[in-house]
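Chemist: Hey, dropping query.cif in here, mmCIF, C-alpha atoms:
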data_start
#
loop_
_atom_site.group_PDB
_atom_site.id
_atom_site.type_symbol
_atom_site.label_atom_id
_atom_site.label_comp_id
_atom_site.auth_asym_id
_atom_site.auth_seq_id
_atom_site.Cartn_x
_atom_site.Cartn_y
_atom_site.Cartn_z
ATOM 1 C CA MET N 9 -33.961 15.644 10.154
ATOM 2 C CA TYR N 10 -30.733 14.963 8.280
ATOM 3 C CA VAL N 11 -32.058 13.238 5.147
ATOM 4 C CA THR N 12 -34.816 14.380 2.803
ATOM 5 C CA GLN N 13 -37.409 12.218 1.080
ATOM 6 C CA GLN N 14 -35.667 12.935 -2.215
ATOM 7 C CA GLN N 15 -32.406 11.588 -0.769
ATOM 8 C CA ARG N 16 -34.206 8.497 0.571
ATOM 9 C CA ASP N 17 -35.665 7.888 -2.875
ATOM 10 C CA GLU N 18 -32.240 8.301 -4.465
ATOM 11 C CA TYR N 19 -30.798 5.725 -2.077
ATOM 12 C CA ARG N 20 -33.601 3.244 -2.793
ATOM 13 C CA ASP N 21 -33.481 3.737 -6.578
ATOM 14 C CA ARG N 22 -29.761 4.078 -7.212
ATOM 15 C CA GLY N 23 -28.392 2.192 -4.220
ATOM 16 C CA TYR N 24 -26.446 5.149 -2.832
ATOM 17 C CA VAL N 25 -26.695 8.788 -1.923
ATOM 18 C CA LEU N 26 -24.018 11.399 -1.212
ATOM 19 C CA ILE N 27 -24.791 13.880 1.571
ATOM 20 C CA PRO N 28 -22.608 17.018 1.199
ATOM 21 C CA ASN N 29 -21.188 19.054 4.094
ATOM 22 C CA LEU N 30 -22.150 16.549 6.755
ATOM 23 C CA LEU N 31 -18.934 17.224 8.704
ATOM 24 C CA ASP N 32 -17.459 20.685 9.265
ATOM 25 C CA SER N 33 -13.851 21.880 9.051
ATOM 26 C CA ILE N 34 -13.182 21.437 12.790
ATOM 27 C CA GLU N 35 -14.449 17.858 12.720
ATOM 28 C CA LEU N 36 -12.347 17.154 9.635
ATOM 29 C CA SER N 37 -9.222 18.489 11.353
ATOM 30 C CA VAL N 38 -9.858 16.154 14.299
ATOM 31 C CA LEU N 39 -10.217 13.203 11.932
ATOM 32 C CA ASP N 40 -7.061 14.225 10.046
ATOM 33 C CA LYS N 41 -5.096 14.024 13.309
ATOM 34 C CA ALA N 42 -6.627 10.605 13.969
ATOM 35 C CA VAL N 43 -5.476 9.428 10.539
ATOM 36 C CA ASP N 44 -1.960 10.715 11.256
ATOM 37 C CA GLU N 45 -1.986 8.646 14.452
ATOM 38 C CA MET N 46 -3.276 5.594 12.620
ATOM 39 C CA HIS N 47 -0.510 5.883 10.032
ATOM 40 C CA GLN N 48 1.979 5.402 12.882
ATOM 41 C CA TYR N 49 0.164 2.292 14.091
ATOM 42 C CA ASP N 50 1.783 -1.076 13.447
ATOM 43 C CA GLY N 51 -0.148 -4.301 13.709
ATOM 44 C CA PRO N 52 -1.949 -7.001 11.706
ATOM 45 C CA GLU N 53 -4.712 -4.496 10.947
ATOM 46 C CA VAL N 54 -2.395 -2.576 8.580
ATOM 47 C CA ARG N 55 -2.100 -3.352 4.867
ATOM 48 C CA ARG N 56 0.828 -1.627 3.171
ATOM 49 C CA GLU N 57 1.892 -0.547 -0.302
ATOM 50 C CA LYS N 58 5.111 -1.871 -1.833
ATOM 51 C CA ASP N 59 7.049 1.054 -0.366
ATOM 52 C CA GLY N 60 5.767 0.271 3.134
ATOM 53 C CA THR N 61 3.298 3.139 3.476
ATOM 54 C CA PRO N 62 -0.105 2.203 4.924
ATOM 55 C CA HIS N 63 -2.822 1.666 2.348
ATOM 56 C CA VAL N 64 -5.672 0.303 4.491
ATOM 57 C CA ILE N 65 -5.914 0.130 8.278
ATOM 58 C CA TYR N 66 -8.780 -2.028 9.467
ATOM 59 C CA GLY N 67 -10.659 -1.818 12.761
ATOM 60 C CA MET N 68 -10.175 1.932 13.071
ATOM 61 C CA HIS N 69 -13.064 2.334 15.527
ATOM 62 C CA LEU N 70 -11.544 -0.393 17.716
ATOM 63 C CA ILE N 71 -8.130 1.304 17.859
ATOM 64 C CA ASN N 72 -8.597 5.083 17.959
ATOM 65 C CA ASP N 73 -10.846 7.124 20.287
ATOM 66 C CA ARG N 74 -11.577 9.828 17.702
ATOM 67 C CA LEU N 75 -12.575 7.266 15.110
ATOM 68 C CA ARG N 76 -14.681 5.445 17.679
ATOM 69 C CA ALA N 77 -16.457 8.755 18.283
ATOM 70 C CA LEU N 78 -16.980 9.095 14.527
ATOM 71 C CA SER N 79 -18.888 5.792 14.498
ATOM 72 C CA ARG N 80 -21.325 7.345 17.001
ATOM 73 C CA HIS N 81 -21.628 10.741 15.347
ATOM 74 C CA PRO N 82 -25.316 11.682 15.660
ATOM 75 C CA ARG N 83 -25.699 12.820 12.056
ATOM 76 C CA LEU N 84 -24.183 9.608 10.691
ATOM 77 C CA VAL N 85 -26.200 7.451 13.076
ATOM 78 C CA ALA N 86 -29.501 9.192 12.280
ATOM 79 C CA ILE N 87 -29.065 8.854 8.512
ATOM 80 C CA ALA N 88 -27.936 5.220 8.661
ATOM 81 C CA GLU N 89 -30.842 4.288 10.923
ATOM 82 C CA ASP N 90 -33.240 6.101 8.606
ATOM 83 C CA LEU N 91 -31.985 4.363 5.462
ATOM 84 C CA LEU N 92 -31.726 0.932 7.131
ATOM 85 C CA GLY N 93 -35.026 1.219 8.963
ATOM 86 C CA GLY N 94 -33.523 0.271 12.301
ATOM 87 C CA SER N 95 -30.512 0.204 14.584
ATOM 88 C CA PHE N 96 -27.121 -1.058 13.429
ATOM 89 C CA TYR N 97 -23.706 -2.314 14.506
ATOM 90 C CA VAL N 98 -20.323 -1.739 12.846
ATOM 91 C CA HIS N 99 -19.337 -4.851 10.916
ATOM 92 C CA GLN N 100 -16.035 -3.429 9.678
ATOM 93 C CA SER N 101 -14.218 -0.081 9.672
ATOM 94 C CA ARG N 102 -11.070 1.149 7.986
ATOM 95 C CA VAL N 103 -8.872 4.033 6.970
ATOM 96 C CA ASN N 104 -8.216 3.979 3.234
ATOM 97 C CA SER N 105 -5.363 6.155 1.954
ATOM 98 C CA LYS N 106 -4.909 6.144 -1.811
ATOM 99 C CA GLN N 107 -1.255 7.040 -2.230
ATOM 100 C CA MET N 108 0.132 8.067 -5.591
ATOM 101 C CA GLY N 109 0.660 4.849 -7.556
ATOM 102 C CA GLY N 110 -1.043 2.692 -4.910
ATOM 103 C CA ALA N 111 -3.195 -0.394 -5.283
ATOM 104 C CA ILE N 112 -6.473 -0.700 -7.157
ATOM 105 C CA VAL N 113 -9.661 -2.154 -5.695
ATOM 106 C CA ASP N 114 -11.344 -4.370 -8.277
ATOM 107 C CA TRP N 115 -15.100 -4.544 -8.851
ATOM 108 C CA HIS N 116 -16.991 -6.254 -6.032
ATOM 109 C CA GLN N 117 -19.961 -6.176 -3.692
ATOM 110 C CA ASP N 118 -19.270 -5.851 0.032
ATOM 111 C CA TYR N 119 -22.099 -8.314 0.629
ATOM 112 C CA GLY N 120 -20.198 -10.877 -1.448
ATOM 113 C CA THR N 121 -17.643 -11.284 1.335
ATOM 114 C CA TYR N 122 -19.921 -10.528 4.260
ATOM 115 C CA HIS N 123 -22.368 -13.248 3.220
ATOM 116 C CA ARG N 124 -20.024 -15.920 1.886
ATOM 117 C CA VAL N 125 -17.233 -15.533 4.457
ATOM 118 C CA ASP N 126 -18.765 -13.868 7.535
ATOM 119 C CA GLY N 127 -22.198 -15.471 7.395
ATOM 120 C CA VAL N 128 -24.164 -12.217 7.293
ATOM 121 C CA PRO N 129 -27.585 -13.521 6.204
ATOM 122 C CA ARG N 130 -29.113 -10.522 4.422
ATOM 123 C CA PRO N 131 -27.906 -7.425 2.538
ATOM 124 C CA ASP N 132 -29.312 -5.079 5.176
ATOM 125 C CA GLY N 133 -26.211 -2.955 5.457
ATOM 126 C CA ILE N 134 -24.525 0.222 4.275
ATOM 127 C CA MET N 135 -20.991 1.287 3.469
ATOM 128 C CA ILE N 136 -20.616 4.759 5.012
ATOM 129 C CA SER N 137 -17.752 6.620 3.307
ATOM 130 C CA ILE N 138 -16.481 9.804 4.957
ATOM 131 C CA PHE N 139 -14.490 12.023 2.575
ATOM 132 C CA LEU N 140 -11.537 13.671 4.344
ATOM 133 C CA ASP N 141 -10.355 15.182 1.063
ATOM 134 C CA ASP N 142 -11.981 16.682 -1.992
ATOM 135 C CA ILE N 143 -12.602 13.647 -4.190
ATOM 136 C CA ASN N 144 -12.647 14.439 -7.896
ATOM 137 C CA ASN N 145 -12.384 12.547 -11.163
ATOM 138 C CA CYS N 146 -8.583 12.659 -10.971
ATOM 139 C CA ASN N 147 -7.588 11.255 -7.557
ATOM 140 C CA ALA N 148 -9.037 7.746 -7.823
ATOM 141 C CA PRO N 149 -12.683 8.283 -6.865
ATOM 142 C CA LEU N 150 -14.975 5.418 -6.005
ATOM 143 C CA MET N 151 -16.758 4.129 -9.097
ATOM 144 C CA ALA N 152 -20.197 2.565 -8.786
ATOM 145 C CA ILE N 153 -22.886 0.910 -10.890
ATOM 146 C CA PRO N 154 -26.106 2.770 -10.019
ATOM 147 C CA GLY N 155 -29.038 0.414 -9.495
ATOM 148 C CA SER N 156 -26.858 -2.714 -9.410
ATOM 149 C CA HIS N 157 -28.198 -3.613 -5.946
ATOM 150 C CA ARG N 158 -31.283 -4.860 -7.801
ATOM 151 C CA GLU N 159 -29.162 -7.774 -9.087
ATOM 152 C CA GLY N 160 -28.884 -9.256 -5.612
ATOM 153 C CA LEU N 161 -25.774 -11.304 -4.875
ATOM 154 C CA VAL N 162 -23.911 -11.623 -8.174
ATOM 155 C CA SER N 163 -22.966 -15.270 -8.587
ATOM 156 C CA GLU N 164 -20.365 -14.631 -11.305
ATOM 157 C CA ALA N 165 -17.804 -13.591 -8.689
ATOM 158 C CA ALA N 166 -14.745 -15.335 -7.318
ATOM 159 C CA ILE N 167 -11.648 -14.729 -5.246
ATOM 160 C CA ASN N 168 -8.794 -14.040 -7.658
ATOM 161 C CA ASP N 169 -5.529 -15.328 -6.196
ATOM 162 C CA GLN N 170 -3.582 -13.852 -9.124
ATOM 163 C CA VAL N 171 -4.210 -10.199 -8.269
ATOM 164 C CA GLU N 172 -1.314 -8.219 -6.856
ATOM 165 C CA ASP N 173 -2.879 -7.586 -3.459
ATOM 166 C CA HIS N 174 -4.188 -11.121 -2.886
ATOM 167 C CA LYS N 175 -2.261 -11.453 0.372
ATOM 168 C CA GLY N 176 -3.807 -8.201 1.572
ATOM 169 C CA ALA N 177 -7.185 -6.644 0.892
ATOM 170 C CA ALA N 178 -8.148 -9.016 -1.929
ATOM 171 C CA ARG N 179 -7.736 -12.210 0.076
ATOM 172 C CA TYR N 180 -11.464 -12.363 0.838
ATOM 173 C CA ARG N 181 -12.775 -10.147 -1.976
ATOM 174 C CA TYR N 182 -15.077 -11.747 -4.537
ATOM 175 C CA ASP N 183 -14.202 -9.913 -7.751
ATOM 176 C CA ILE N 184 -16.797 -9.672 -10.509
ATOM 177 C CA SER N 185 -15.893 -11.189 -13.889
ATOM 178 C CA ARG N 186 -15.232 -8.903 -16.862
ATOM 179 C CA SER N 187 -18.105 -10.337 -18.877
ATOM 180 C CA THR N 188 -20.531 -9.754 -16.017
ATOM 181 C CA MET N 189 -19.224 -6.228 -15.535
ATOM 182 C CA LYS N 190 -19.822 -5.457 -19.212
ATOM 183 C CA ARG N 191 -23.389 -6.743 -18.950
ATOM 184 C CA LEU N 192 -24.092 -4.700 -15.826
ATOM 185 C CA ILE N 193 -22.540 -1.507 -17.178
ATOM 186 C CA ASP N 194 -24.484 -1.894 -20.430
ATOM 187 C CA GLN N 195 -27.651 -2.244 -18.361
ATOM 188 C CA TYR N 196 -27.127 0.274 -15.556
ATOM 189 C CA GLY N 197 -24.282 2.554 -16.584
ATOM 190 C CA ILE N 198 -21.288 3.586 -14.494
ATOM 191 C CA GLU N 199 -20.344 6.738 -12.619
ATOM 192 C CA THR N 200 -17.727 8.226 -10.341
ATOM 193 C CA VAL N 201 -18.711 9.394 -6.869
ATOM 194 C CA THR N 202 -17.104 12.768 -6.238
ATOM 195 C CA GLY N 203 -17.587 15.401 -3.557
ATOM 196 C CA LYS N 204 -15.986 17.916 -1.247
ATOM 197 C CA ALA N 205 -14.237 17.014 1.994
ATOM 198 C CA GLY N 206 -16.881 16.558 4.673
ATOM 199 C CA SER N 207 -19.280 14.805 2.300
ATOM 200 C CA VAL N 208 -20.489 11.350 3.291
ATOM 201 C CA LEU N 209 -21.578 8.573 0.934
ATOM 202 C CA PHE N 210 -24.148 5.989 2.025
ATOM 203 C CA LEU N 211 -23.922 2.965 -0.291
ATOM 204 C CA ASN N 212 -26.011 -0.218 -0.188
ATOM 205 C CA MET N 213 -23.774 -3.246 0.412
ATOM 206 C CA GLU N 214 -25.023 -4.925 -2.795
ATOM 207 C CA VAL N 215 -23.990 -2.079 -5.107
ATOM 208 C CA LEU N 216 -21.036 -3.018 -7.312
ATOM 209 C CA HIS N 217 -18.122 -0.644 -6.835
ATOM 210 C CA GLY N 218 -14.362 -0.338 -7.124
ATOM 211 C CA SER N 219 -11.569 2.197 -7.564
ATOM 212 C CA THR N 220 -8.484 2.569 -9.690
ATOM 213 C CA VAL N 221 -4.923 3.728 -9.066
ATOM 214 C CA ASN N 222 -4.326 7.296 -7.927
ATOM 215 C CA ILE N 223 -1.730 8.559 -10.407
ATOM 216 C CA THR N 224 -1.786 12.101 -9.004
ATOM 217 C CA PRO N 225 0.043 13.580 -6.002
ATOM 218 C CA LEU N 226 -3.369 14.666 -4.661
ATOM 219 C CA ARG N 227 -4.164 13.080 -1.305
ATOM 220 C CA ARG N 228 -7.231 10.839 -1.212
ATOM 221 C CA VAL N 229 -8.235 9.631 2.244
ATOM 222 C CA ILE N 230 -11.654 8.078 2.908
ATOM 223 C CA LEU N 231 -12.833 6.617 6.217
ATOM 224 C CA TYR N 232 -15.210 3.673 5.980
ATOM 225 C CA LEU N 233 -17.799 2.394 8.422
ATOM 226 C CA ASN N 234 -19.536 -0.691 7.059
ATOM 227 C CA VAL N 235 -22.636 -1.224 9.152
ATOM 228 C CA CYS N 236 -25.383 -3.858 9.325
ATOM 229 C CA ARG N 237 -28.754 -3.878 11.001
ATOM 230 C CA THR N 238 -28.584 -5.421 14.465
ATOM 231 C CA ASP N 239 -30.937 -8.213 13.341
ATOM 232 C CA ASN N 240 -28.508 -9.088 10.511
ATOM 233 C CA GLN N 241 -25.555 -10.538 12.392
ATOM 234 C CA GLY N 242 -22.616 -12.545 11.123
ATOM 235 C CA THR N 243 -22.661 -16.228 12.054
ATOM 236 C CA ALA N 244 -19.202 -17.344 10.873
ATOM 237 C CA PHE N 245 -15.966 -16.107 12.397
ATOM 238 C CA ALA N 246 -13.234 -17.137 9.980
ATOM 239 C CA ARG N 247 -11.823 -13.598 9.947
ATOM 240 C CA PRO N 248 -10.424 -11.635 12.900
ATOM 241 C CA GLU N 249 -12.567 -9.065 14.697
ATOM 242 C CA TYR N 250 -10.939 -6.129 12.937
ATOM 243 C CA LEU N 251 -12.364 -7.537 9.662
ATOM 244 C CA ALA N 252 -15.681 -8.939 10.879
ATOM 245 C CA ALA N 253 -17.562 -7.867 13.992
ATOM 246 C CA ARG N 254 -18.037 -9.820 17.189
ATOM 247 C CA ASP N 255 -19.929 -7.009 18.926
ATOM 248 C CA PHE N 256 -23.488 -6.806 17.611
ATOM 249 C CA ASN N 257 -24.780 -4.230 20.073
ATOM 250 C CA ALA N 258 -26.581 -1.286 18.514
ATOM 251 C CA ILE N 259 -24.486 1.837 18.041
ATOM 252 C CA GLN N 260 -25.798 4.594 20.271
ATOM 253 C CA ALA N 261 -25.557 8.162 18.997
ATOM 254 C CA ALA N 262 -23.201 10.427 20.927
ATOM 255 C CA ASP N 263 -23.731 14.147 21.490
ATOM 256 C CA SER N 264 -23.219 16.667 18.709
ATOM 257 C CA ASP N 265 -19.756 17.654 20.019
ATOM 258 C CA CYS N 266 -18.381 14.117 20.026
ATOM 259 C CA LEU N 267 -15.607 15.080 17.556
ATOM 260 C CA ARG N 268 -15.298 18.797 18.161
ATOM 261 C CA ARG N 269 -14.355 18.281 21.825
ATOM 262 C CA TYR N 270 -11.038 16.785 20.653
ATOM 263 C CA ALA N 271 -10.143 20.128 19.075
ATOM 264 C CA ARG N 272 -10.365 22.037 22.346
#
The structure in this file should be written as structure tokens.

Modeler:
Amino acid sequence: MYVTQQQRDEYRDRGYVLIPNLLDSIELSVLDKAVDEMHQYDGPEVRREKDGTPHVIYGMHLINDRLRALSRHPRLVAIAEDLLGGSFYVHQSRVNSKQMGGAIVDWHQDYGTYHRVDGVPRPDGIMISIFLDDINNCNAPLMAIPGSHREGLVSEAAINDQVEDHKGAARYRYDISRSTMKRLIDQYGIETVTGKAGSVLFLNMEVLHGSTVNITPLRRVILYLNVCRTDNQGTAFARPEYLAARDFNAIQAADSDCLRRYAR
């Protein structure tokens, strides 16, 4: 039993819940080595900052064995299945490294792209965010609008081809207008999601979220597994597989040592 009724209620009411200490120090060290490997990877999956350093690397579970094992970690799988009410597949995965002075991620819903571009019919999905570093109010934490999943798919959203990263991460991102953001923040409030390394955030794909520039030298690496129920499959394939799944088979939980064995 990895999630309490109180945590289930928090997820239902607020649209997200942070589970602390879900991964231990050995598992984090294994994932750190995987990130180091991914930062040496060169391919279309990599989005880079102006100085050439990797900012986002998509399809991490398709590229790296350790990160594939992470997607099958029994604690992650059990919680996601519990919150979703069924089995799931990985729609998209990525390594996100917020370098000092790197790019922002404007306000959006993941479901905005998954529905409009990938043909995912329903918002039965979760963004699983694995903190590899201590995330605080200084090193560009995720910001979220608690309860905003009750709005459904926000129609006042559009792809902004004027943003700096339009050729990269923002190419398919439906950003929320400023006037709509003001209305939603006035109604629901806004908060940062902070936690220690090893914490894992489970966020409903309709919750509005974003993040700002990291202006500190503090490292901020988060691994993302965006998952959907297996009965909620994409039907359009405009994007490559590393951005939108082709494999809709249910993720099967691995054994409890699936990451720790890499440290031996």

Chemist: From the options N:Phe139, N:Tyr19, N:Tyr66, N:Tyr196, which residue's atoms come nearest to N:Arg247, counting all atoms listed in the file?

Modeler: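 Once distances to N:Arg247 are computed over all atoms listed in the file, the minimum belongs to N:Tyr66.
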
Chemist: Selected by the PyMOL selection byres ((chain N and resi 209) around 7) in the shown coordinates: which residues, as a PDB file with C-alpha atoms, in the frame of the given file?

Modeler:
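Ended up saving to part-v2.pdb:
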ATOM      1  CA  VAL N  25     -26.695   8.788  -1.923  1.00  0.00           C
ATOM      2  CA  LEU N  26     -24.018  11.399  -1.212  1.00  0.00           C
ATOM      3  CA  ILE N  27     -24.791  13.880   1.571  1.00  0.00           C
ATOM      4  CA  ILE N 136     -20.616   4.759   5.012  1.00  0.00           C
ATOM      5  CA  SER N 137     -17.752   6.620   3.307  1.00  0.00           C
ATOM      6  CA  ILE N 138     -16.481   9.804   4.957  1.00  0.00           C
ATOM      7  CA  SER N 207     -19.280  14.805   2.300  1.00  0.00           C
ATOM      8  CA  VAL N 208     -20.489  11.350   3.291  1.00  0.00           C
ATOM      9  CA  PHE N 210     -24.148   5.989   2.025  1.00  0.00           C
ATOM     10  CA  LEU N 211     -23.922   2.965  -0.291  1.00  0.00           C
TER      11      LEU N 211
END

Chemist: Using all atoms listed in the file, can you tell me which of N:Ile87, N:Ile153, N:Met68, N:Leu233 comes closest to N:Asp194?

Modeler: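 Going through N:Ile87, N:Ile153, N:Met68, N:Leu233 one by one, the smallest distance to N:Asp194 is for N:Ile153.
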
Chemist: Which of these, N:Pro28, N:Pro52, N:Gly23, N:Gly110, has the shortest distance to N:Pro225 once you count all atoms listed in the file?

Modeler: N:Gly110

Chemist: Residue by residue, what does the PyMOL selection byres ((chain N and resi 249) around 12) grab here? Present the result as a ChimeraX atom specification.

Modeler: /N:52-53,66-71,98-101,126,242,244-248,250-256

Chemist: Mind telling me what the PyMOL selection byres ((chain N and resi 33) around 12) catches here, as a PDB file with C-alpha atoms, keeping the file's coordinate frame?

Modeler:
ATOM      1  CA  ASN N  29     -21.188  19.054   4.094  1.00  0.00           C
ATOM      2  CA  LEU N  30     -22.150  16.549   6.755  1.00  0.00           C
ATOM      3  CA  LEU N  31     -18.934  17.224   8.704  1.00  0.00           C
ATOM      4  CA  ASP N  32     -17.459  20.685   9.265  1.00  0.00           C
ATOM      5  CA  ILE N  34     -13.182  21.437  12.790  1.00  0.00           C
ATOM      6  CA  GLU N  35     -14.449  17.858  12.720  1.00  0.00           C
ATOM      7  CA  LEU N  36     -12.347  17.154   9.635  1.00  0.00           C
ATOM      8  CA  SER N  37      -9.222  18.489  11.353  1.00  0.00           C
ATOM      9  CA  VAL N  38      -9.858  16.154  14.299  1.00  0.00           C
ATOM     10  CA  LEU N  39     -10.217  13.203  11.932  1.00  0.00           C
ATOM     11  CA  ASP N  40      -7.061  14.225  10.046  1.00  0.00           C
ATOM     12  CA  PHE N 139     -14.490  12.023   2.575  1.00  0.00           C
ATOM     13  CA  LEU N 140     -11.537  13.671   4.344  1.00  0.00           C
ATOM     14  CA  ASP N 141     -10.355  15.182   1.063  1.00  0.00           C
ATOM     15  CA  LYS N 204     -15.986  17.916  -1.247  1.00  0.00           C
ATOM     16  CA  ALA N 205     -14.237  17.014   1.994  1.00  0.00           C
ATOM     17  CA  GLY N 206     -16.881  16.558   4.673  1.00  0.00           C
ATOM     18  CA  SER N 207     -19.280  14.805   2.300  1.00  0.00           C
ATOM     19  CA  LEU N 267     -15.607  15.080  17.556  1.00  0.00           C
ATOM     20  CA  ARG N 268     -15.298  18.797  18.161  1.00  0.00           C
ATOM     21  CA  ALA N 271     -10.143  20.128  19.075  1.00  0.00           C
TER      22      ALA N 271
END

Chemist: Keeping N, CA and C atoms (and nothing else), can you write stretch 219-236 of chain N of this structure as a compact mmCIF listing (two decimals), in the first residue's frame?

Modeler:
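And here's selection_0.txt as it stands now:
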# COMPACT_ATOMS: atom_id res chain seq x y z
N SER N 219 6.77 26.48 -15.56
CA SER N 219 7.94 26.76 -14.73
C SER N 219 8.73 27.90 -15.35
N THR N 220 9.45 28.60 -14.50
CA THR N 220 10.19 29.77 -14.95
C THR N 220 11.67 29.45 -15.13
N VAL N 221 12.45 30.48 -15.37
CA VAL N 221 13.89 30.32 -15.57
C VAL N 221 14.57 30.02 -14.24
N ASN N 222 15.55 29.12 -14.27
CA ASN N 222 16.40 28.88 -13.12
C ASN N 222 17.55 29.89 -13.16
N ILE N 223 17.51 30.87 -12.26
CA ILE N 223 18.57 31.88 -12.26
C ILE N 223 19.62 31.58 -11.20
N THR N 224 19.59 30.37 -10.65
CA THR N 224 20.58 29.97 -9.65
C THR N 224 21.53 28.93 -10.27
N PRO N 225 22.69 28.72 -9.64
CA PRO N 225 23.58 27.64 -10.08
C PRO N 225 23.16 26.28 -9.52
N LEU N 226 22.04 26.23 -8.79
CA LEU N 226 21.57 24.97 -8.22
C LEU N 226 21.01 24.07 -9.32
N ARG N 227 21.47 22.83 -9.35
CA ARG N 227 20.96 21.89 -10.35
C ARG N 227 19.49 21.60 -10.10
N ARG N 228 18.75 21.40 -11.20
CA ARG N 228 17.33 21.06 -11.09
C ARG N 228 16.99 20.08 -12.20
N VAL N 229 17.07 18.79 -11.88
CA VAL N 229 16.76 17.74 -12.84
C VAL N 229 15.51 17.00 -12.38
N ILE N 230 14.53 16.91 -13.28
CA ILE N 230 13.30 16.15 -13.03
C ILE N 230 13.11 15.18 -14.19
N LEU N 231 12.77 13.94 -13.88
CA LEU N 231 12.42 12.94 -14.88
C LEU N 231 10.91 12.85 -14.97
N TYR N 232 10.40 12.81 -16.20
CA TYR N 232 8.95 12.79 -16.39
C TYR N 232 8.51 11.52 -17.12
N LEU N 233 7.47 10.91 -16.58
CA LEU N 233 6.76 9.83 -17.25
C LEU N 233 5.31 10.27 -17.35
N ASN N 234 4.87 10.60 -18.54
CA ASN N 234 3.48 10.97 -18.76
C ASN N 234 2.73 9.73 -19.23
N VAL N 235 1.79 9.29 -18.42
CA VAL N 235 1.13 8.01 -18.67
C VAL N 235 -0.36 8.20 -18.88
N CYS N 236 -0.96 7.31 -19.65
CA CYS N 236 -2.40 7.29 -19.89
C CYS N 236 -2.95 5.89 -19.63
